>>> print(open('input.cif').read())   # mmCIF, N, CA, C and O atoms
data_start
#
loop_
_atom_site.label_atom_id
_atom_site.label_comp_id
_atom_site.auth_asym_id
_atom_site.auth_seq_id
_atom_site.Cartn_x
_atom_site.Cartn_y
_atom_site.Cartn_z
N MET A 1 -39.36 85.73 10.72
CA MET A 1 -39.37 84.41 10.14
C MET A 1 -38.41 83.49 10.91
O MET A 1 -37.43 83.93 11.47
N ALA A 2 -38.71 82.24 10.88
CA ALA A 2 -37.91 81.23 11.57
C ALA A 2 -36.80 80.73 10.65
O ALA A 2 -36.69 81.16 9.49
N THR A 3 -36.01 79.84 11.16
CA THR A 3 -34.98 79.17 10.36
C THR A 3 -35.21 77.68 10.43
O THR A 3 -35.89 77.18 11.33
N TRP A 4 -34.66 76.97 9.48
CA TRP A 4 -34.78 75.51 9.48
C TRP A 4 -34.12 74.96 10.73
O TRP A 4 -33.20 75.57 11.27
N PRO A 5 -34.54 73.80 11.19
CA PRO A 5 -33.93 73.23 12.41
C PRO A 5 -32.45 72.94 12.18
O PRO A 5 -32.03 72.56 11.09
N THR A 6 -31.69 73.13 13.24
CA THR A 6 -30.25 72.89 13.17
C THR A 6 -29.94 71.44 13.55
O THR A 6 -30.77 70.75 14.15
N LEU A 7 -28.75 71.02 13.21
CA LEU A 7 -28.28 69.69 13.60
C LEU A 7 -28.25 69.59 15.12
O LEU A 7 -28.64 68.56 15.69
N GLU A 8 -27.84 70.65 15.79
CA GLU A 8 -27.76 70.64 17.25
C GLU A 8 -29.15 70.46 17.87
O GLU A 8 -29.30 69.75 18.86
N ALA A 9 -30.15 71.11 17.30
CA ALA A 9 -31.53 70.97 17.82
C ALA A 9 -32.03 69.54 17.63
O ALA A 9 -32.68 68.98 18.53
N LEU A 10 -31.73 68.96 16.48
CA LEU A 10 -32.14 67.57 16.23
C LEU A 10 -31.44 66.63 17.21
O LEU A 10 -32.08 65.75 17.79
N LYS A 11 -30.16 66.83 17.43
CA LYS A 11 -29.41 65.99 18.37
C LYS A 11 -29.97 66.13 19.78
O LYS A 11 -30.08 65.14 20.50
N GLN A 12 -30.34 67.34 20.17
CA GLN A 12 -30.89 67.54 21.50
C GLN A 12 -32.21 66.81 21.66
O GLN A 12 -32.46 66.15 22.67
N THR A 13 -33.07 66.89 20.66
CA THR A 13 -34.37 66.21 20.74
C THR A 13 -34.19 64.70 20.80
O THR A 13 -34.91 64.01 21.52
N LEU A 14 -33.21 64.18 20.05
CA LEU A 14 -32.96 62.74 20.02
C LEU A 14 -32.08 62.28 21.17
O LEU A 14 -31.78 61.09 21.29
N ASP A 15 -31.62 63.22 22.01
CA ASP A 15 -30.73 62.93 23.13
C ASP A 15 -29.43 62.27 22.67
O ASP A 15 -28.97 61.29 23.26
N VAL A 16 -28.86 62.82 21.60
CA VAL A 16 -27.58 62.35 21.08
C VAL A 16 -26.51 63.32 21.55
O VAL A 16 -26.60 64.52 21.29
N THR A 17 -25.50 62.80 22.25
CA THR A 17 -24.46 63.68 22.80
C THR A 17 -23.13 63.57 22.07
O THR A 17 -22.29 64.45 22.20
N SER A 18 -22.92 62.53 21.30
CA SER A 18 -21.66 62.38 20.59
C SER A 18 -21.76 62.96 19.18
O SER A 18 -22.84 63.27 18.69
N ASP A 19 -20.61 63.09 18.54
CA ASP A 19 -20.56 63.58 17.16
C ASP A 19 -20.49 62.44 16.16
O ASP A 19 -20.34 62.67 14.96
N ASP A 20 -20.62 61.21 16.62
CA ASP A 20 -20.48 60.04 15.75
C ASP A 20 -21.54 59.98 14.65
O ASP A 20 -21.32 59.36 13.62
N TRP A 21 -22.68 60.60 14.86
CA TRP A 21 -23.80 60.51 13.91
C TRP A 21 -24.01 61.79 13.11
O TRP A 21 -25.02 61.94 12.45
N ASP A 22 -23.05 62.71 13.15
CA ASP A 22 -23.22 64.01 12.50
C ASP A 22 -23.03 63.98 10.99
O ASP A 22 -23.46 64.90 10.31
N ALA A 23 -22.38 63.00 10.46
CA ALA A 23 -22.02 62.97 9.04
C ALA A 23 -23.25 63.11 8.15
O ALA A 23 -24.38 62.85 8.57
N ALA A 24 -23.00 63.52 6.91
CA ALA A 24 -24.09 63.77 5.95
C ALA A 24 -24.98 62.55 5.74
O ALA A 24 -26.15 62.68 5.42
N HIS A 25 -24.43 61.36 5.90
CA HIS A 25 -25.24 60.15 5.68
C HIS A 25 -25.97 59.71 6.95
O HIS A 25 -26.67 58.72 6.93
N HIS A 26 -25.84 60.46 8.01
CA HIS A 26 -26.56 60.13 9.24
C HIS A 26 -27.51 61.27 9.60
O HIS A 26 -28.43 61.56 8.84
N LEU A 27 -27.31 61.91 10.72
CA LEU A 27 -28.26 62.92 11.19
C LEU A 27 -28.34 64.14 10.28
O LEU A 27 -29.43 64.68 10.07
N GLU A 28 -27.23 64.60 9.75
CA GLU A 28 -27.28 65.76 8.85
C GLU A 28 -28.06 65.41 7.58
O GLU A 28 -28.83 66.22 7.07
N GLY A 29 -27.88 64.20 7.09
CA GLY A 29 -28.63 63.76 5.93
C GLY A 29 -30.12 63.67 6.22
O GLY A 29 -30.96 64.04 5.38
N ILE A 30 -30.46 63.20 7.41
CA ILE A 30 -31.86 63.13 7.82
C ILE A 30 -32.45 64.53 7.92
O ILE A 30 -33.56 64.79 7.45
N ARG A 31 -31.70 65.44 8.50
CA ARG A 31 -32.16 66.83 8.63
C ARG A 31 -32.42 67.44 7.25
O ARG A 31 -33.46 68.05 7.01
N GLN A 32 -31.48 67.25 6.34
CA GLN A 32 -31.62 67.79 4.98
C GLN A 32 -32.80 67.14 4.25
O GLN A 32 -33.53 67.82 3.52
N ALA A 33 -32.99 65.84 4.44
CA ALA A 33 -34.12 65.15 3.80
C ALA A 33 -35.45 65.68 4.32
O ALA A 33 -36.41 65.85 3.54
N ALA A 34 -35.53 65.94 5.61
CA ALA A 34 -36.76 66.46 6.19
C ALA A 34 -37.08 67.86 5.66
O ALA A 34 -38.22 68.15 5.30
N ILE A 35 -36.08 68.70 5.56
CA ILE A 35 -36.27 70.04 5.01
C ILE A 35 -36.71 69.96 3.55
O ILE A 35 -37.65 70.64 3.13
N ALA A 36 -36.06 69.09 2.79
CA ALA A 36 -36.43 68.92 1.38
C ALA A 36 -37.87 68.42 1.24
O ALA A 36 -38.61 68.86 0.35
N GLN A 37 -38.29 67.53 2.12
CA GLN A 37 -39.66 67.00 2.05
C GLN A 37 -40.68 68.08 2.38
O GLN A 37 -41.73 68.17 1.74
N VAL A 38 -40.39 68.93 3.35
CA VAL A 38 -41.30 70.03 3.68
C VAL A 38 -41.44 70.95 2.48
O VAL A 38 -42.54 71.35 2.10
N LYS A 39 -40.31 71.29 1.85
CA LYS A 39 -40.36 72.15 0.66
C LYS A 39 -41.17 71.49 -0.45
O LYS A 39 -41.96 72.15 -1.13
N LEU A 40 -40.98 70.20 -0.64
CA LEU A 40 -41.72 69.46 -1.65
C LEU A 40 -43.22 69.44 -1.33
O LEU A 40 -44.06 69.62 -2.21
N ASP A 41 -43.55 69.22 -0.06
CA ASP A 41 -44.95 69.17 0.34
C ASP A 41 -45.63 70.53 0.23
O ASP A 41 -46.82 70.61 -0.05
N VAL A 42 -44.90 71.61 0.45
CA VAL A 42 -45.45 72.95 0.25
C VAL A 42 -45.69 73.16 -1.24
O VAL A 42 -46.73 73.65 -1.65
N GLY A 43 -44.73 72.80 -2.05
CA GLY A 43 -44.85 72.92 -3.50
C GLY A 43 -44.41 74.29 -3.99
O GLY A 43 -44.56 75.29 -3.30
N ASP A 44 -43.84 74.31 -5.17
CA ASP A 44 -43.39 75.56 -5.79
C ASP A 44 -42.50 76.39 -4.87
O ASP A 44 -42.59 77.62 -4.83
N TRP A 45 -41.62 75.74 -4.13
CA TRP A 45 -40.72 76.43 -3.21
C TRP A 45 -39.66 77.16 -4.01
O TRP A 45 -39.00 76.60 -4.87
N ASP A 46 -39.47 78.44 -3.74
CA ASP A 46 -38.47 79.26 -4.42
C ASP A 46 -37.32 79.52 -3.45
O ASP A 46 -37.48 80.27 -2.48
N GLU A 47 -36.18 78.91 -3.72
CA GLU A 47 -35.03 79.04 -2.81
C GLU A 47 -34.57 80.49 -2.66
O GLU A 47 -34.03 80.86 -1.63
N ALA A 48 -34.79 81.30 -3.67
CA ALA A 48 -34.33 82.68 -3.63
C ALA A 48 -35.19 83.57 -2.74
O ALA A 48 -34.69 84.51 -2.13
N SER A 49 -36.48 83.28 -2.63
CA SER A 49 -37.35 84.20 -1.89
C SER A 49 -38.12 83.56 -0.73
O SER A 49 -38.58 84.29 0.14
N ASP A 50 -38.29 82.27 -0.72
CA ASP A 50 -39.06 81.63 0.34
C ASP A 50 -38.19 81.35 1.57
O ASP A 50 -37.04 80.94 1.45
N VAL A 51 -38.78 81.57 2.72
CA VAL A 51 -38.13 81.23 4.00
C VAL A 51 -39.18 80.53 4.87
O VAL A 51 -40.38 80.80 4.73
N PRO A 52 -38.76 79.66 5.75
CA PRO A 52 -39.73 78.96 6.59
C PRO A 52 -40.29 79.88 7.67
O PRO A 52 -39.61 80.78 8.15
N ASP A 53 -41.53 79.64 8.04
CA ASP A 53 -42.07 80.28 9.23
C ASP A 53 -41.98 79.26 10.37
O ASP A 53 -41.40 78.17 10.19
N ASP A 54 -42.50 79.59 11.53
CA ASP A 54 -42.39 78.68 12.68
C ASP A 54 -43.03 77.32 12.40
O ASP A 54 -42.48 76.30 12.78
N SER A 55 -44.17 77.31 11.74
CA SER A 55 -44.85 76.04 11.47
C SER A 55 -44.04 75.15 10.55
O SER A 55 -43.92 73.94 10.78
N LEU A 56 -43.48 75.72 9.49
CA LEU A 56 -42.68 74.91 8.56
C LEU A 56 -41.39 74.43 9.22
O LEU A 56 -40.97 73.29 8.99
N ALA A 57 -40.77 75.27 10.02
CA ALA A 57 -39.56 74.86 10.73
C ALA A 57 -39.86 73.72 11.70
O ALA A 57 -39.13 72.74 11.78
N ARG A 58 -40.98 73.82 12.40
CA ARG A 58 -41.38 72.75 13.32
C ARG A 58 -41.75 71.48 12.57
O ARG A 58 -41.48 70.38 13.03
N ALA A 59 -42.37 71.63 11.40
CA ALA A 59 -42.70 70.46 10.59
C ALA A 59 -41.44 69.73 10.16
O ALA A 59 -41.37 68.50 10.21
N ALA A 60 -40.42 70.47 9.75
CA ALA A 60 -39.15 69.85 9.35
C ALA A 60 -38.48 69.16 10.53
O ALA A 60 -37.95 68.05 10.40
N HIS A 61 -38.53 69.80 11.68
CA HIS A 61 -37.93 69.19 12.88
C HIS A 61 -38.67 67.91 13.26
O HIS A 61 -38.04 66.88 13.52
N LEU A 62 -40.00 67.99 13.29
CA LEU A 62 -40.81 66.81 13.62
C LEU A 62 -40.54 65.68 12.64
O LEU A 62 -40.36 64.52 13.04
N LEU A 63 -40.50 66.00 11.36
CA LEU A 63 -40.26 64.98 10.35
C LEU A 63 -38.87 64.37 10.51
O LEU A 63 -38.70 63.15 10.39
N ALA A 64 -37.87 65.18 10.80
CA ALA A 64 -36.51 64.66 11.00
C ALA A 64 -36.47 63.69 12.18
O ALA A 64 -35.83 62.64 12.10
N VAL A 65 -37.14 64.03 13.25
CA VAL A 65 -37.18 63.15 14.41
C VAL A 65 -37.89 61.84 14.06
O VAL A 65 -37.41 60.75 14.39
N ARG A 66 -39.01 61.94 13.34
CA ARG A 66 -39.74 60.73 12.95
C ARG A 66 -38.89 59.84 12.04
O ARG A 66 -38.90 58.62 12.18
N ILE A 67 -38.17 60.45 11.11
CA ILE A 67 -37.30 59.68 10.21
C ILE A 67 -36.18 59.00 11.00
O ILE A 67 -35.88 57.83 10.78
N ALA A 68 -35.58 59.73 11.91
CA ALA A 68 -34.47 59.18 12.70
C ALA A 68 -34.92 58.00 13.54
O ALA A 68 -34.15 57.06 13.76
N LYS A 69 -36.15 58.03 14.00
CA LYS A 69 -36.65 56.95 14.86
C LYS A 69 -37.33 55.83 14.08
O LYS A 69 -37.67 54.80 14.66
N ALA A 70 -37.53 56.01 12.78
CA ALA A 70 -38.23 55.02 11.96
C ALA A 70 -37.31 53.88 11.57
O ALA A 70 -36.10 54.04 11.52
N PRO A 71 -37.88 52.74 11.27
CA PRO A 71 -37.06 51.64 10.75
C PRO A 71 -36.39 52.04 9.45
O PRO A 71 -36.87 52.92 8.73
N ALA A 72 -35.29 51.40 9.13
CA ALA A 72 -34.50 51.75 7.96
C ALA A 72 -35.29 51.69 6.66
O ALA A 72 -35.04 52.44 5.73
N GLU A 73 -36.27 50.82 6.58
CA GLU A 73 -37.01 50.67 5.33
C GLU A 73 -38.15 51.67 5.18
O GLU A 73 -38.82 51.70 4.15
N ALA A 74 -38.40 52.49 6.18
CA ALA A 74 -39.47 53.48 6.08
C ALA A 74 -39.13 54.52 5.02
O ALA A 74 -37.99 54.90 4.86
N VAL A 75 -40.14 54.96 4.32
CA VAL A 75 -39.96 55.96 3.27
C VAL A 75 -40.40 57.31 3.80
O VAL A 75 -41.42 57.42 4.47
N VAL A 76 -39.61 58.36 3.52
CA VAL A 76 -39.90 59.70 4.03
C VAL A 76 -41.31 60.14 3.65
O VAL A 76 -42.05 60.67 4.48
N ALA A 77 -41.73 59.91 2.42
CA ALA A 77 -43.05 60.34 1.99
C ALA A 77 -44.15 59.65 2.79
O ALA A 77 -45.17 60.26 3.11
N ASP A 78 -43.95 58.37 3.14
CA ASP A 78 -44.95 57.67 3.94
C ASP A 78 -45.08 58.28 5.33
O ASP A 78 -46.17 58.41 5.86
N ILE A 79 -43.95 58.65 5.91
CA ILE A 79 -43.97 59.26 7.24
C ILE A 79 -44.65 60.63 7.16
O ILE A 79 -45.50 60.96 7.97
N SER A 80 -44.31 61.42 6.14
CA SER A 80 -44.84 62.77 6.07
C SER A 80 -46.33 62.82 5.74
O SER A 80 -47.00 63.77 6.08
N HIS A 81 -46.85 61.80 5.08
CA HIS A 81 -48.26 61.84 4.70
C HIS A 81 -49.16 61.03 5.63
O HIS A 81 -50.36 60.97 5.41
N ASN A 82 -48.61 60.42 6.64
CA ASN A 82 -49.41 59.64 7.58
C ASN A 82 -49.28 60.15 9.01
O ASN A 82 -49.57 59.42 9.94
N ASP A 83 -48.84 61.37 9.18
CA ASP A 83 -48.63 61.93 10.51
C ASP A 83 -49.54 63.14 10.69
O ASP A 83 -49.31 64.19 10.07
N PRO A 84 -50.59 63.03 11.50
CA PRO A 84 -51.52 64.14 11.68
C PRO A 84 -50.85 65.42 12.20
O PRO A 84 -51.23 66.52 11.81
N ALA A 85 -49.87 65.28 13.09
CA ALA A 85 -49.19 66.46 13.63
C ALA A 85 -48.44 67.20 12.51
O ALA A 85 -48.49 68.43 12.43
N TYR A 86 -47.77 66.46 11.65
CA TYR A 86 -47.05 67.05 10.52
C TYR A 86 -48.04 67.74 9.59
O TYR A 86 -47.81 68.87 9.15
N GLU A 87 -49.14 67.09 9.29
CA GLU A 87 -50.15 67.67 8.40
C GLU A 87 -50.72 68.96 8.98
O GLU A 87 -50.97 69.92 8.25
N ARG A 88 -50.94 69.01 10.30
CA ARG A 88 -51.45 70.23 10.93
C ARG A 88 -50.46 71.38 10.79
O ARG A 88 -50.85 72.53 10.58
N LEU A 89 -49.17 71.08 10.92
CA LEU A 89 -48.16 72.13 10.79
C LEU A 89 -48.09 72.68 9.36
O LEU A 89 -47.75 73.84 9.16
N LEU A 90 -48.42 71.86 8.37
CA LEU A 90 -48.40 72.31 6.98
C LEU A 90 -49.70 72.99 6.55
O LEU A 90 -49.74 73.61 5.49
N LYS A 91 -50.72 72.89 7.36
CA LYS A 91 -52.03 73.44 6.99
C LYS A 91 -51.91 74.92 6.61
O LYS A 91 -51.33 75.71 7.33
N GLY A 92 -52.45 75.24 5.46
CA GLY A 92 -52.43 76.61 4.97
C GLY A 92 -51.17 77.01 4.24
O GLY A 92 -51.07 78.14 3.76
N HIS A 93 -50.21 76.12 4.13
CA HIS A 93 -48.95 76.43 3.47
C HIS A 93 -48.84 75.84 2.06
O HIS A 93 -47.96 76.22 1.31
N ARG A 94 -49.67 74.90 1.74
CA ARG A 94 -49.53 74.22 0.45
C ARG A 94 -49.87 75.15 -0.71
O ARG A 94 -50.85 75.86 -0.68
N ARG A 95 -49.01 75.11 -1.71
CA ARG A 95 -49.22 75.91 -2.91
C ARG A 95 -49.61 75.04 -4.10
O ARG A 95 -50.10 75.53 -5.09
N ARG A 96 -49.33 73.78 -3.98
CA ARG A 96 -49.61 72.85 -5.08
C ARG A 96 -50.08 71.55 -4.45
O ARG A 96 -49.56 71.10 -3.44
N PHE A 97 -51.06 70.93 -5.06
CA PHE A 97 -51.60 69.68 -4.56
C PHE A 97 -51.43 68.60 -5.62
O PHE A 97 -51.50 68.88 -6.82
N ALA A 98 -51.23 67.40 -5.17
CA ALA A 98 -51.11 66.26 -6.11
C ALA A 98 -52.46 66.01 -6.77
O ALA A 98 -53.50 66.18 -6.15
N ILE A 99 -52.42 65.61 -8.01
CA ILE A 99 -53.64 65.28 -8.74
C ILE A 99 -53.75 63.78 -8.82
O ILE A 99 -52.84 63.11 -9.29
N ALA A 100 -54.85 63.26 -8.32
CA ALA A 100 -55.01 61.80 -8.30
C ALA A 100 -55.90 61.35 -9.42
O ALA A 100 -56.70 62.02 -9.95
#
>>> encode(input="input.cif", output="structure tokens")
Amino acid sequence: MATWPTLEALKQTLDVTSDDWDAAHHLEGIRQAAIAQVKLDVGDWDEASDVPDDSLARAAHLLAVRIAKAPAEAVVADISHNDPAYERLLKGHRRRFAIA
């Protein structure tokens, strides 16, 4: 099984070399929000027994990068539900679907 993306991996992808953006309200917060969104999109995530596989880890990393590059007013859910690459990474992982 894979692990969630690290802050260092996110910084490398974004080409950030300083520690100025590491605080919880900057890149670490974005990383945590992306992981939380992936868990929410999968549905019924059990913290005690569920672990990410490569696809879910990549989905969280991709989402974190998209959030970091998005305008401040962008909403995480809008980014996660309008990105075909993100949707492909989640394919086959959903346990619960929204009822419209």
>>> resolve_selection(input="input.cif", expression="the PyMOL selection byres ((chain A and resi 45-53) around 8)", output="list in words")
Met1, Ala2, Thr3, Trp4, Val38, Lys39, Leu40, Asp41, Val42, Gly43, Asp44, Asp54, Ser55, Leu56, Ala57, Arg58, Ala59, Ala60, Leu89, Arg95 and Arg96 of chain A
>>> write_last_selection(input="input.cif", atoms="N, CA, C and O atoms", output="tab-separated table (two decimals), keeping the file's coordinate frame")
chain	number	residue	atom	x	y	z
A	1	MET	N	-39.36	85.73	10.72
A	1	MET	CA	-39.37	84.41	10.14
A	1	MET	C	-38.41	83.49	10.91
A	1	MET	O	-37.43	83.93	11.47
A	2	ALA	N	-38.71	82.24	10.88
A	2	ALA	CA	-37.91	81.23	11.57
A	2	ALA	C	-36.80	80.73	10.65
A	2	ALA	O	-36.69	81.16	9.49
A	3	THR	N	-36.01	79.84	11.16
A	3	THR	CA	-34.98	79.17	10.36
A	3	THR	C	-35.21	77.68	10.43
A	3	THR	O	-35.89	77.18	11.33
A	4	TRP	N	-34.66	76.97	9.48
A	4	TRP	CA	-34.78	75.51	9.48
A	4	TRP	C	-34.12	74.96	10.73
A	4	TRP	O	-33.20	75.57	11.27
A	38	VAL	N	-40.39	68.93	3.35
A	38	VAL	CA	-41.30	70.03	3.68
A	38	VAL	C	-41.44	70.95	2.48
A	38	VAL	O	-42.54	71.35	2.10
A	39	LYS	N	-40.31	71.29	1.85
A	39	LYS	CA	-40.36	72.15	0.66
A	39	LYS	C	-41.17	71.49	-0.45
A	39	LYS	O	-41.96	72.15	-1.13
A	40	LEU	N	-40.98	70.20	-0.64
A	40	LEU	CA	-41.72	69.46	-1.65
A	40	LEU	C	-43.22	69.44	-1.33
A	40	LEU	O	-44.06	69.62	-2.21
A	41	ASP	N	-43.55	69.22	-0.06
A	41	ASP	CA	-44.95	69.17	0.34
A	41	ASP	C	-45.63	70.53	0.23
A	41	ASP	O	-46.82	70.61	-0.05
A	42	VAL	N	-44.90	71.61	0.45
A	42	VAL	CA	-45.45	72.95	0.25
A	42	VAL	C	-45.69	73.16	-1.24
A	42	VAL	O	-46.73	73.65	-1.65
A	43	GLY	N	-44.73	72.80	-2.05
A	43	GLY	CA	-44.85	72.92	-3.50
A	43	GLY	C	-44.41	74.29	-3.99
A	43	GLY	O	-44.56	75.29	-3.30
A	44	ASP	N	-43.84	74.31	-5.17
A	44	ASP	CA	-43.39	75.56	-5.79
A	44	ASP	C	-42.50	76.39	-4.87
A	44	ASP	O	-42.59	77.62	-4.83
A	54	ASP	N	-42.50	79.59	11.53
A	54	ASP	CA	-42.39	78.68	12.68
A	54	ASP	C	-43.03	77.32	12.40
A	54	ASP	O	-42.48	76.30	12.78
A	55	SER	N	-44.17	77.31	11.74
A	55	SER	CA	-44.85	76.04	11.47
A	55	SER	C	-44.04	75.15	10.55
A	55	SER	O	-43.92	73.94	10.78
A	56	LEU	N	-43.48	75.72	9.49
A	56	LEU	CA	-42.68	74.91	8.56
A	56	LEU	C	-41.39	74.43	9.22
A	56	LEU	O	-40.97	73.29	8.99
A	57	ALA	N	-40.77	75.27	10.02
A	57	ALA	CA	-39.56	74.86	10.73
A	57	ALA	C	-39.86	73.72	11.70
A	57	ALA	O	-39.13	72.74	11.78
A	58	ARG	N	-40.98	73.82	12.40
A	58	ARG	CA	-41.38	72.75	13.32
A	58	ARG	C	-41.75	71.48	12.57
A	58	ARG	O	-41.48	70.38	13.03
A	59	ALA	N	-42.37	71.63	11.40
A	59	ALA	CA	-42.70	70.46	10.59
A	59	ALA	C	-41.44	69.73	10.16
A	59	ALA	O	-41.37	68.50	10.21
A	60	ALA	N	-40.42	70.47	9.75
A	60	ALA	CA	-39.15	69.85	9.35
A	60	ALA	C	-38.48	69.16	10.53
A	60	ALA	O	-37.95	68.05	10.40
A	89	LEU	N	-49.17	71.08	10.92
A	89	LEU	CA	-48.16	72.13	10.79
A	89	LEU	C	-48.09	72.68	9.36
A	89	LEU	O	-47.75	73.84	9.16
A	95	ARG	N	-49.01	75.11	-1.71
A	95	ARG	CA	-49.22	75.91	-2.91
A	95	ARG	C	-49.61	75.04	-4.10
A	95	ARG	O	-50.10	75.53	-5.09
A	96	ARG	N	-49.33	73.78	-3.98
A	96	ARG	CA	-49.61	72.85	-5.08
A	96	ARG	C	-50.08	71.55	-4.45
A	96	ARG	O	-49.56	71.10	-3.44
>>> select_by_dssp(input="input.cif", residues="chain A", states="helix (DSSP H, G or I)", output="ChimeraX atom specification")
/A:7-14,27-42,54-69,76-81,84-90
>>> residues_around(input="input.cif", residues="Ala64 (chain A)", least_positions_apart="4", cutoff="8 Å", atoms="only N, CA, C and O atoms", output="JSON, numbers by chain")
{"A": [10, 27, 29, 30, 31, 32, 33, 34, 35, 57, 58, 59, 60, 68, 69, 70]}
